[in-house]
file work.cif (mmCIF, C-alpha atoms and all ligand atoms)
data_my_file
#
loop_
_atom_site.label_atom_id
_atom_site.label_comp_id
_atom_site.auth_asym_id
_atom_site.auth_seq_id
_atom_site.Cartn_x
_atom_site.Cartn_y
_atom_site.Cartn_z
CA MET A 1 -46.25 -33.42 209.04
CA ASN A 2 -42.89 -33.10 210.71
CA LEU A 3 -42.88 -30.42 213.43
CA PRO A 4 -39.14 -29.49 213.32
CA VAL A 5 -39.42 -29.06 209.53
CA VAL A 6 -42.48 -26.82 209.95
CA ILE A 7 -40.67 -24.71 212.55
CA ALA A 8 -37.54 -24.46 210.39
CA ALA A 9 -39.69 -23.40 207.43
CA LEU A 10 -40.61 -20.13 209.15
CA PRO A 11 -37.18 -18.42 209.22
CA VAL A 12 -36.02 -20.09 206.00
CA GLY A 13 -39.17 -18.94 204.21
CA ALA A 14 -38.77 -15.40 205.56
CA VAL A 15 -35.15 -15.19 204.35
CA VAL A 16 -35.84 -16.53 200.86
CA GLY A 17 -39.05 -14.48 200.66
CA SER A 18 -36.97 -11.39 201.43
CA PHE A 19 -34.53 -12.36 198.68
CA ALA A 20 -37.40 -12.94 196.21
CA ALA A 21 -39.07 -9.59 196.93
CA THR A 22 -35.72 -7.79 196.67
CA ALA A 23 -35.02 -9.46 193.32
CA GLY A 24 -38.45 -8.42 192.02
CA LEU A 25 -38.08 -4.82 193.21
CA ARG A 26 -34.58 -4.56 191.73
CA TRP A 27 -35.84 -5.95 188.42
CA ALA A 28 -38.58 -3.29 188.44
CA ARG A 29 -35.88 -0.59 188.79
CA GLY A 30 -33.85 -2.11 185.98
CA GLU A 31 -31.06 -3.22 188.31
CA GLN A 32 -29.22 -6.52 188.38
CA ALA A 33 -31.87 -8.62 190.17
CA LEU A 34 -30.12 -11.67 191.57
CA THR A 35 -26.62 -10.55 192.55
CA GLY A 36 -25.11 -7.73 194.53
CA ARG A 37 -24.93 -7.09 198.26
CA SER A 38 -27.88 -5.99 200.36
CA HIS A 39 -28.11 -2.22 200.23
CA CYS A 40 -30.57 0.55 201.02
CA ASP A 41 -32.77 1.22 197.96
CA ALA A 42 -32.51 4.98 198.57
CA CYS A 43 -28.94 5.78 199.67
CA ASN A 44 -27.14 2.55 198.68
CA ALA A 45 -25.63 2.16 202.18
CA PRO A 46 -24.57 -1.49 202.46
CA LEU A 47 -26.63 -3.47 204.97
CA GLY A 48 -24.79 -5.76 207.36
CA LEU A 49 -26.31 -9.07 208.37
CA GLY A 50 -27.77 -7.48 211.51
CA ARG A 51 -29.90 -5.16 209.40
CA THR A 52 -31.25 -7.86 207.10
CA VAL A 53 -32.98 -10.03 209.71
CA PRO A 54 -36.43 -10.61 208.16
CA ILE A 55 -39.37 -8.78 209.74
CA LEU A 56 -37.40 -7.93 212.94
CA SER A 57 -35.03 -5.47 211.24
CA TYR A 58 -37.95 -3.73 209.53
CA ALA A 59 -39.83 -3.46 212.83
CA LEU A 60 -36.81 -2.36 214.93
CA GLN A 61 -35.82 0.31 212.38
CA GLY A 62 -39.37 1.62 212.23
CA GLY A 63 -39.61 0.80 208.54
CA SER A 64 -36.89 3.23 207.49
CA CYS A 65 -33.16 3.20 206.65
CA LEU A 66 -30.89 3.92 209.64
CA ASP A 67 -28.53 5.95 207.45
CA CYS A 68 -30.81 8.14 205.35
CA ARG A 69 -34.18 7.64 207.12
CA ALA A 70 -35.82 6.92 203.74
CA PRO A 71 -38.79 4.57 204.14
CA ILE A 72 -38.01 0.95 203.29
CA HIS A 73 -40.24 -0.28 200.45
CA PRO A 74 -43.08 -2.26 202.13
CA GLY A 75 -42.59 -4.91 199.42
CA HIS A 76 -39.59 -6.17 201.43
CA LEU A 77 -41.76 -6.76 204.52
CA PHE A 78 -44.56 -8.31 202.41
CA GLY A 79 -42.02 -10.65 200.81
CA GLU A 80 -40.70 -11.78 204.20
CA VAL A 81 -44.15 -12.44 205.68
CA LEU A 82 -45.42 -14.12 202.51
CA GLY A 83 -42.24 -16.20 202.16
CA ALA A 84 -42.62 -17.54 205.70
CA THR A 85 -46.32 -18.24 205.09
CA VAL A 86 -45.72 -19.99 201.76
CA ALA A 87 -42.94 -22.15 203.23
CA MET A 88 -44.95 -23.20 206.29
CA ILE A 89 -48.14 -24.02 204.37
CA SER A 90 -46.12 -25.98 201.78
CA VAL A 91 -44.39 -28.25 204.31
CA MET A 92 -47.61 -28.70 206.31
CA ALA A 93 -49.75 -29.63 203.30
CA LEU A 94 -47.40 -31.63 201.05
CA PRO A 95 -44.74 -34.34 201.17
CA ILE A 96 -41.28 -32.74 201.27
CA GLY A 97 -40.38 -33.09 197.57
CA GLN A 98 -43.60 -31.47 196.38
CA ALA A 99 -43.44 -28.98 199.26
CA LEU A 100 -40.06 -27.70 197.99
CA LEU A 101 -41.45 -27.31 194.46
CA ALA A 102 -44.59 -25.50 195.71
CA MET A 103 -42.45 -23.29 197.93
CA GLY A 104 -40.12 -22.49 195.03
CA LEU A 105 -43.13 -21.62 192.88
CA GLY A 106 -44.51 -19.39 195.66
CA LEU A 107 -41.18 -17.58 195.96
CA VAL A 108 -41.04 -16.96 192.21
CA LEU A 109 -44.58 -15.53 192.49
CA ILE A 110 -43.43 -13.21 195.30
CA ALA A 111 -40.69 -11.87 193.01
CA ALA A 112 -43.17 -11.50 190.14
CA GLY A 113 -45.76 -9.79 192.37
CA ALA A 114 -43.18 -7.35 193.77
CA ALA A 115 -41.95 -6.51 190.26
CA ASP A 116 -45.52 -5.98 189.02
CA ALA A 117 -46.56 -3.89 192.03
CA ALA A 118 -43.51 -1.66 191.59
CA SER A 119 -43.43 -1.33 187.80
CA ARG A 120 -46.74 -2.73 186.43
CA ARG A 121 -44.70 -5.15 184.39
CA LEU A 122 -44.34 -8.89 184.92
CA PRO A 123 -40.97 -10.44 184.04
CA ASP A 124 -41.13 -13.21 181.40
CA MET A 125 -38.47 -15.07 183.39
CA THR A 126 -40.72 -15.53 186.44
CA SER A 127 -43.68 -16.67 184.34
CA LEU A 128 -41.44 -19.21 182.62
CA ALA A 129 -40.24 -20.50 186.00
CA VAL A 130 -43.87 -20.74 187.23
CA ALA A 131 -44.76 -22.74 184.09
CA ILE A 132 -41.88 -25.19 184.60
CA LEU A 133 -42.48 -25.69 188.34
CA GLY A 134 -46.26 -25.85 187.79
CA GLY A 135 -45.85 -28.45 185.06
CA VAL A 136 -43.59 -30.61 187.24
CA LEU A 137 -46.06 -30.34 190.15
CA ALA A 138 -48.99 -31.27 187.87
CA LEU A 139 -47.05 -34.30 186.65
CA GLN A 140 -46.66 -35.42 190.28
CA ARG A 141 -50.46 -35.77 190.29
CA GLY A 142 -50.27 -37.92 187.16
CA PRO A 143 -50.07 -37.55 183.37
CA VAL A 144 -53.81 -36.74 183.14
CA ALA A 145 -53.28 -33.74 185.44
CA LEU A 146 -50.47 -32.47 183.20
CA LEU A 147 -52.67 -32.85 180.10
CA ALA A 148 -55.47 -30.98 181.91
CA GLY A 149 -52.93 -28.27 182.76
CA LEU A 150 -51.83 -27.93 179.13
CA ALA A 151 -55.48 -27.67 178.01
CA ALA A 152 -56.26 -25.15 180.77
CA ALA A 153 -53.24 -23.03 179.78
CA ALA A 154 -54.35 -22.98 176.13
CA ILE A 155 -57.98 -22.11 177.01
CA THR A 156 -56.89 -19.45 179.53
CA GLY A 157 -54.59 -17.85 176.97
CA ALA A 158 -57.31 -17.83 174.27
CA LEU A 159 -59.97 -16.40 176.62
CA LEU A 160 -57.75 -13.66 178.05
CA LEU A 161 -56.49 -12.64 174.61
CA ALA A 162 -60.14 -12.41 173.49
CA ILE A 163 -60.97 -10.23 176.53
CA ARG A 164 -57.98 -8.00 175.75
CA TRP A 165 -59.17 -7.70 172.15
CA VAL A 166 -62.74 -6.75 173.19
CA PHE A 167 -61.52 -4.13 175.69
CA ALA A 168 -59.08 -2.69 173.17
CA ALA A 169 -61.77 -2.49 170.48
CA ARG A 170 -64.29 -0.83 172.82
CA THR A 171 -62.16 1.49 174.91
CA GLY A 172 -58.79 1.61 173.17
CA ASP A 173 -57.21 0.11 176.29
CA PRO A 174 -56.71 -3.68 176.54
CA LYS A 175 -56.81 -3.36 180.39
CA LEU A 176 -55.03 -6.66 180.87
CA GLY A 177 -51.29 -6.67 180.17
CA GLN A 178 -49.61 -9.33 178.04
CA GLY A 179 -47.58 -10.22 181.12
CA ASP A 180 -50.83 -11.01 182.97
CA VAL A 181 -51.87 -13.37 180.17
CA LYS A 182 -48.52 -15.20 180.29
CA LEU A 183 -48.58 -15.55 184.09
CA ALA A 184 -52.21 -16.75 184.04
CA MET A 185 -51.30 -19.41 181.43
CA ALA A 186 -48.34 -20.54 183.54
CA LEU A 187 -50.55 -20.87 186.63
CA ALA A 188 -53.23 -22.73 184.64
CA LEU A 189 -50.60 -25.34 183.80
CA TRP A 190 -50.45 -26.14 187.54
CA ALA A 191 -54.15 -25.60 188.37
CA GLY A 192 -55.53 -27.57 185.41
CA ALA A 193 -59.30 -28.07 185.60
CA ALA A 194 -59.38 -26.01 188.81
CA THR A 195 -58.21 -22.89 186.90
CA PRO A 196 -61.65 -21.16 187.06
CA TRP A 197 -61.14 -21.01 190.84
CA VAL A 198 -57.96 -18.99 190.28
CA PHE A 199 -60.09 -16.27 188.72
CA VAL A 200 -62.83 -16.65 191.35
CA ILE A 201 -60.15 -15.53 193.86
CA ALA A 202 -58.09 -13.16 191.69
CA GLY A 203 -61.04 -11.37 190.04
CA PRO A 204 -62.62 -9.89 193.21
CA LEU A 205 -59.13 -9.05 194.57
CA GLY A 206 -58.47 -7.12 191.36
CA LEU A 207 -61.81 -5.31 191.70
CA VAL A 208 -61.08 -4.34 195.32
CA GLN A 209 -57.70 -3.06 194.11
CA THR A 210 -59.31 -0.84 191.44
CA ARG A 211 -61.41 0.75 194.21
CA LEU A 212 -58.45 1.23 196.54
CA VAL A 213 -55.76 2.27 194.10
CA LYS A 214 -56.20 5.78 192.75
CA SER A 215 -53.61 5.81 190.01
CA ALA A 216 -53.68 8.47 187.33
CA ASP A 217 -54.58 6.05 184.52
CA ARG A 218 -56.86 3.92 186.73
CA SER A 219 -54.84 0.83 185.89
CA ILE A 220 -53.79 -1.72 188.50
CA ALA A 221 -51.14 -4.39 188.78
CA PHE A 222 -53.16 -7.60 188.41
CA GLY A 223 -50.11 -9.82 188.94
CA PRO A 224 -50.24 -10.01 192.77
CA ALA A 225 -53.96 -10.99 192.77
CA LEU A 226 -53.33 -13.56 190.06
CA ALA A 227 -50.32 -14.92 191.95
CA LEU A 228 -52.28 -15.26 195.19
CA GLY A 229 -55.25 -16.96 193.53
CA GLY A 230 -53.01 -19.26 191.48
CA TRP A 231 -50.85 -20.37 194.38
CA ALA A 232 -53.79 -20.94 196.74
CA VAL A 233 -55.70 -23.04 194.17
CA GLY A 234 -52.61 -24.93 193.00
CA LEU A 235 -51.64 -25.83 196.55
CA ALA A 236 -55.18 -26.91 197.49
CA LEU A 237 -55.29 -29.09 194.39
CA GLN A 238 -51.84 -30.55 195.04
CA ALA A 239 -52.84 -31.32 198.65
CA GLY A 240 -55.91 -33.23 197.41
CA LEU A 241 -58.49 -30.77 198.75
CA PHE A 242 -60.44 -30.93 195.51
CA GLY A 243 -60.91 -34.68 196.02
CA ASP A 244 -61.20 -37.02 193.05
CA LEU A 245 -63.22 -34.62 190.94
CA ILE A 246 -60.21 -32.82 189.50
CA PRO A 247 -56.99 -34.68 188.56
ZN ZN B 301 -30.63 4.59 203.15
#

call {"tool": "encode", "arguments": {"input": "work.cif", "output": "structure tokens"}}
result
Amino acid sequence: MNLPVVIAALPVGAVVGSFAATAGLRWARGEQALTGRSHCDACNAPLGLGRTVPILSYALQGGSCLDCRAPIHPGHLFGEVLGATVAMISVMALPIGQALLAMGLGLVLIAAGAADAASRRLPDMTSLAVAILGGVLALQRGPVALLAGLAAAAITGALLLAIRWVFAARTGDPKLGQGDVKLAMALALWAGAATPWVFVIAGPLGLVQTRLVKSADRSIAFGPALALGGWAVGLALQAGLFGDLIP
């Protein structure tokens, strides 16, 4: 662990986390996600550099736009805090090459989670990126780990599609979105034989969410819980915390 790198990871992670959350929220609104200047979501006032300092700008402005006083979507703040956290944990736990891949994967998950939280839809593009980065990370652990990931992705997909089918047959509502199935498969590619742990974390988080969120149709965005569980398990596995039991 290299202390200057860990310290540098904090602001860098916050900036790219901010970018990732913004991209996800823009995608949810049907806007061009990756390009375009920083602007207020409500009044479109352009934001100078001074108003895009992660976390600090949000805090100093009291969580609202200085021009129109509209509240800033909390997803921006979440993205900044999570981005900094993901970057710091990655460089602390992994050698730099793998740390960059794990950090990239975490940032893609932040974008996916923000999009899902805002629109209850998960972009295919982010799940594809998670699958590619997860596959490359699994291969770093060896060809057996990649094979385990491919098997886990296939089993996860089959099980979740079966669950969707049962729910749909019984209640007319599949509960789980197709986007959730794709993201879970992509994460399983990274987590391999440790994939059940992803659901051990994501399942209860989803249940807590159903209690807290009082939406009209009682549905929740499962993407953020899945993303959190998947990244935590993938990183622990990559860092060797599962020992020799799981490749
Ligand atoms: Zn504004």

call {"tool": "residues_near_ligand", "arguments": {"input": "work.cif", "ligand": "ligand ZN 301 (chain B)", "cutoff": "10 Å", "atoms": "all atoms listed in the file", "output": "list in words"}}
result
His39, Cys40, Asp41, Ala42, Cys43, Asn44, Ala45, Pro46, Leu47, Ser64, Cys65, Leu66, Asp67, Cys68, Arg69, Ala70, Pro71 and Ile72 of chain A

call {"tool": "atom_distance", "arguments": {"input": "work.cif", "atom1": "CA of Ala118 (chain A)", "atom2": "CA of Leu25 (chain A)"}}
result
6.5 Å

call {"tool": "residues_around", "arguments": {"input": "work.cif", "residues": "region 225-229 of chain A", "least_positions_apart": "6", "cutoff": "9 Å", "atoms": "all atoms listed in the file", "output": "list in words"}}
result
Gly106, Leu109, Ile110, Ala112, Gly113, Asp180, Leu183, Ala184, Leu187, Trp197, Val198, Phe199, Val200, Ile201, Ala202, Gly203, Pro204, Leu205, Gly206 and Gln209 of chain A

call {"tool": "residues_around", "arguments": {"input": "work.cif", "residues": "region 154-167 of chain A", "least_positions_apart": "4", "cutoff": "8 Å", "atoms": "only C-alpha atoms", "output": "PyMOL selection string"}}
result
chain A and resi 150+171-176+181-182+184-185+188

call {"tool": "atom_distance", "arguments": {"input": "work.cif", "atom1": "CA of Met92 (chain A)", "atom2": "CA of Thr52 (chain A)"}}
result
26.5 Å

call {"tool": "closest_residue", "arguments": {"input": "work.cif", "among": "A:Gly135, A:Pro11, A:Gly79, A:Pro123", "to": "Ala102 (chain A)", "atoms": "all atoms listed in the file"}}
result
A:Gly135

call {"tool": "closest_residue", "arguments": {"input": "work.cif", "among": "A:Ala87, A:Gly177, A:Trp27, A:Leu189", "to": "Met125 (chain A)", "atoms": "only C-alpha atoms"}}
result
A:Trp27

call {"tool": "atom_distance", "arguments": {"input": "work.cif", "atom1": "CA of Ala232 (chain A)", "atom2": "CA of Pro74 (chain A)"}}
result
22.2 Å

call {"tool": "residues_around", "arguments": {"input": "work.cif", "residues": "Ala138 (chain A)", "least_positions_apart": "3", "cutoff": "8 Å", "atoms": "all atoms listed in the file", "output": "list in words"}}
result
Gly134, Gly135, Arg141, Gly142, Pro143, Ala145, Leu146, Gly149, Leu189, Trp190, Ala191, Gly192 and Gln238 of chain A

call {"tool": "closest_residue", "arguments": {"input": "work.cif", "among": "A:Arg37, A:Ala115, A:Gly230, A:Leu100", "to": "Val130 (chain A)", "atoms": "only C-alpha atoms"}}
result
A:Gly230

call {"tool": "residues_around", "arguments": {"input": "work.cif", "residues": "Pro54 (chain A)", "least_positions_apart": "4", "cutoff": "12 Å", "atoms": "all atoms listed in the file", "output": "JSON, numbers by chain"}}
result
{"A": [10, 11, 12, 13, 14, 15, 16, 17, 18, 19, 21, 22, 49, 50, 58, 59, 60, 61, 63, 76, 77, 78, 79, 80, 81, 82, 83, 84]}

call {"tool": "closest_residue", "arguments": {"input": "work.cif", "among": "A:Gly179, A:Gly234, A:Gly97, A:Gly30", "to": "Leu128 (chain A)", "atoms": "all atoms listed in the file"}}
result
A:Gly179

call {"tool": "closest_residue", "arguments": {"input": "work.cif", "among": "A:Ala33, A:Leu3, A:Ala23, A:Ala131", "to": "Met88 (chain A)", "atoms": "all atoms listed in the file"}}
result
A:Leu3

call {"tool": "closest_residue", "arguments": {"input": "work.cif", "among": "A:Pro247, A:Ala152, A:Phe222, A:Ile89", "to": "Leu139 (chain A)", "atoms": "all atoms listed in the file"}}
result
A:Pro247

call {"tool": "residues_around", "arguments": {"input": "work.cif", "residues": "Ile132 (chain A)", "least_positions_apart": "5", "cutoff": "9 Å", "atoms": "only C-alpha atoms", "output": "ChimeraX atom specification"}}
result
/A:127,137,186,189

call {"tool": "build_atoms", "arguments": {"input": "work.cif", "residues": "region 47-67 of chain A", "atoms": "N, CA and C atoms", "output": "PDB file, keeping the file's coordinate frame"}}
result
ATOM      1  N   LEU A  47     -25.960  -2.987 203.771  1.00  0.00           N
ATOM      2  CA  LEU A  47     -26.630  -3.470 204.970  1.00  0.00           C
ATOM      3  C   LEU A  47     -25.893  -4.692 205.503  1.00  0.00           C
ATOM      4  N   GLY A  48     -25.412  -4.604 206.734  1.00  0.00           N
ATOM      5  CA  GLY A  48     -24.790  -5.760 207.360  1.00  0.00           C
ATOM      6  C   GLY A  48     -25.854  -6.793 207.688  1.00  0.00           C
ATOM      7  N   LEU A  49     -25.376  -7.987 208.063  1.00  0.00           N
ATOM      8  CA  LEU A  49     -26.310  -9.070 208.370  1.00  0.00           C
ATOM      9  C   LEU A  49     -27.342  -8.661 209.414  1.00  0.00           C
ATOM     10  N   GLY A  50     -26.892  -7.875 210.421  1.00  0.00           N
ATOM     11  CA  GLY A  50     -27.770  -7.480 211.510  1.00  0.00           C
ATOM     12  C   GLY A  50     -28.953  -6.645 211.057  1.00  0.00           C
ATOM     13  N   ARG A  51     -28.807  -6.015 209.876  1.00  0.00           N
ATOM     14  CA  ARG A  51     -29.900  -5.160 209.400  1.00  0.00           C
ATOM     15  C   ARG A  51     -30.726  -5.842 208.327  1.00  0.00           C
ATOM     16  N   THR A  52     -30.465  -7.146 208.107  1.00  0.00           N
ATOM     17  CA  THR A  52     -31.250  -7.860 207.100  1.00  0.00           C
ATOM     18  C   THR A  52     -32.032  -9.011 207.726  1.00  0.00           C
ATOM     19  N   VAL A  53     -32.172  -8.991 209.068  1.00  0.00           N
ATOM     20  CA  VAL A  53     -32.980 -10.030 209.710  1.00  0.00           C
ATOM     21  C   VAL A  53     -34.435  -9.815 209.297  1.00  0.00           C
ATOM     22  N   PRO A  54     -35.072 -10.822 208.662  1.00  0.00           N
ATOM     23  CA  PRO A  54     -36.430 -10.610 208.160  1.00  0.00           C
ATOM     24  C   PRO A  54     -37.368 -10.127 209.266  1.00  0.00           C
ATOM     25  N   ILE A  55     -38.290  -9.292 208.895  1.00  0.00           N
ATOM     26  CA  ILE A  55     -39.370  -8.780 209.740  1.00  0.00           C
ATOM     27  C   ILE A  55     -38.833  -7.990 210.944  1.00  0.00           C
ATOM     28  N   LEU A  56     -37.927  -8.587 211.736  1.00  0.00           N
ATOM     29  CA  LEU A  56     -37.400  -7.930 212.940  1.00  0.00           C
ATOM     30  C   LEU A  56     -36.677  -6.624 212.599  1.00  0.00           C
ATOM     31  N   SER A  57     -35.777  -6.678 211.580  1.00  0.00           N
ATOM     32  CA  SER A  57     -35.030  -5.470 211.240  1.00  0.00           C
ATOM     33  C   SER A  57     -35.971  -4.354 210.817  1.00  0.00           C
ATOM     34  N   TYR A  58     -36.969  -4.726 209.999  1.00  0.00           N
ATOM     35  CA  TYR A  58     -37.950  -3.730 209.530  1.00  0.00           C
ATOM     36  C   TYR A  58     -38.648  -3.101 210.731  1.00  0.00           C
ATOM     37  N   ALA A  59     -39.087  -3.952 211.672  1.00  0.00           N
ATOM     38  CA  ALA A  59     -39.830  -3.460 212.830  1.00  0.00           C
ATOM     39  C   ALA A  59     -38.939  -2.604 213.725  1.00  0.00           C
ATOM     40  N   LEU A  60     -37.695  -3.089 214.016  1.00  0.00           N
ATOM     41  CA  LEU A  60     -36.810  -2.360 214.930  1.00  0.00           C
ATOM     42  C   LEU A  60     -36.365  -1.022 214.349  1.00  0.00           C
ATOM     43  N   GLN A  61     -36.251  -0.943 213.010  1.00  0.00           N
ATOM     44  CA  GLN A  61     -35.820   0.310 212.380  1.00  0.00           C
ATOM     45  C   GLN A  61     -37.005   1.215 212.068  1.00  0.00           C
ATOM     46  N   GLY A  62     -38.193   0.793 212.489  1.00  0.00           N
ATOM     47  CA  GLY A  62     -39.370   1.620 212.230  1.00  0.00           C
ATOM     48  C   GLY A  62     -39.676   1.766 210.751  1.00  0.00           C
ATOM     49  N   GLY A  63     -39.275   0.772 209.961  1.00  0.00           N
ATOM     50  CA  GLY A  63     -39.610   0.800 208.540  1.00  0.00           C
ATOM     51  C   GLY A  63     -38.823   1.816 207.722  1.00  0.00           C
ATOM     52  N   SER A  64     -37.679   2.304 208.292  1.00  0.00           N
ATOM     53  CA  SER A  64     -36.890   3.230 207.490  1.00  0.00           C
ATOM     54  C   SER A  64     -35.397   2.925 207.636  1.00  0.00           C
ATOM     55  N   CYS A  65     -34.605   3.441 206.656  1.00  0.00           N
ATOM     56  CA  CYS A  65     -33.160   3.200 206.650  1.00  0.00           C
ATOM     57  C   CYS A  65     -32.495   3.937 207.809  1.00  0.00           C
ATOM     58  N   LEU A  66     -31.566   3.272 208.507  1.00  0.00           N
ATOM     59  CA  LEU A  66     -30.890   3.920 209.640  1.00  0.00           C
ATOM     60  C   LEU A  66     -29.954   5.030 209.184  1.00  0.00           C
ATOM     61  N   ASP A  67     -29.466   4.944 207.942  1.00  0.00           N
ATOM     62  CA  ASP A  67     -28.530   5.950 207.450  1.00  0.00           C
ATOM     63  C   ASP A  67     -29.249   7.186 206.922  1.00  0.00           C
TER      64      ASP A  67
END
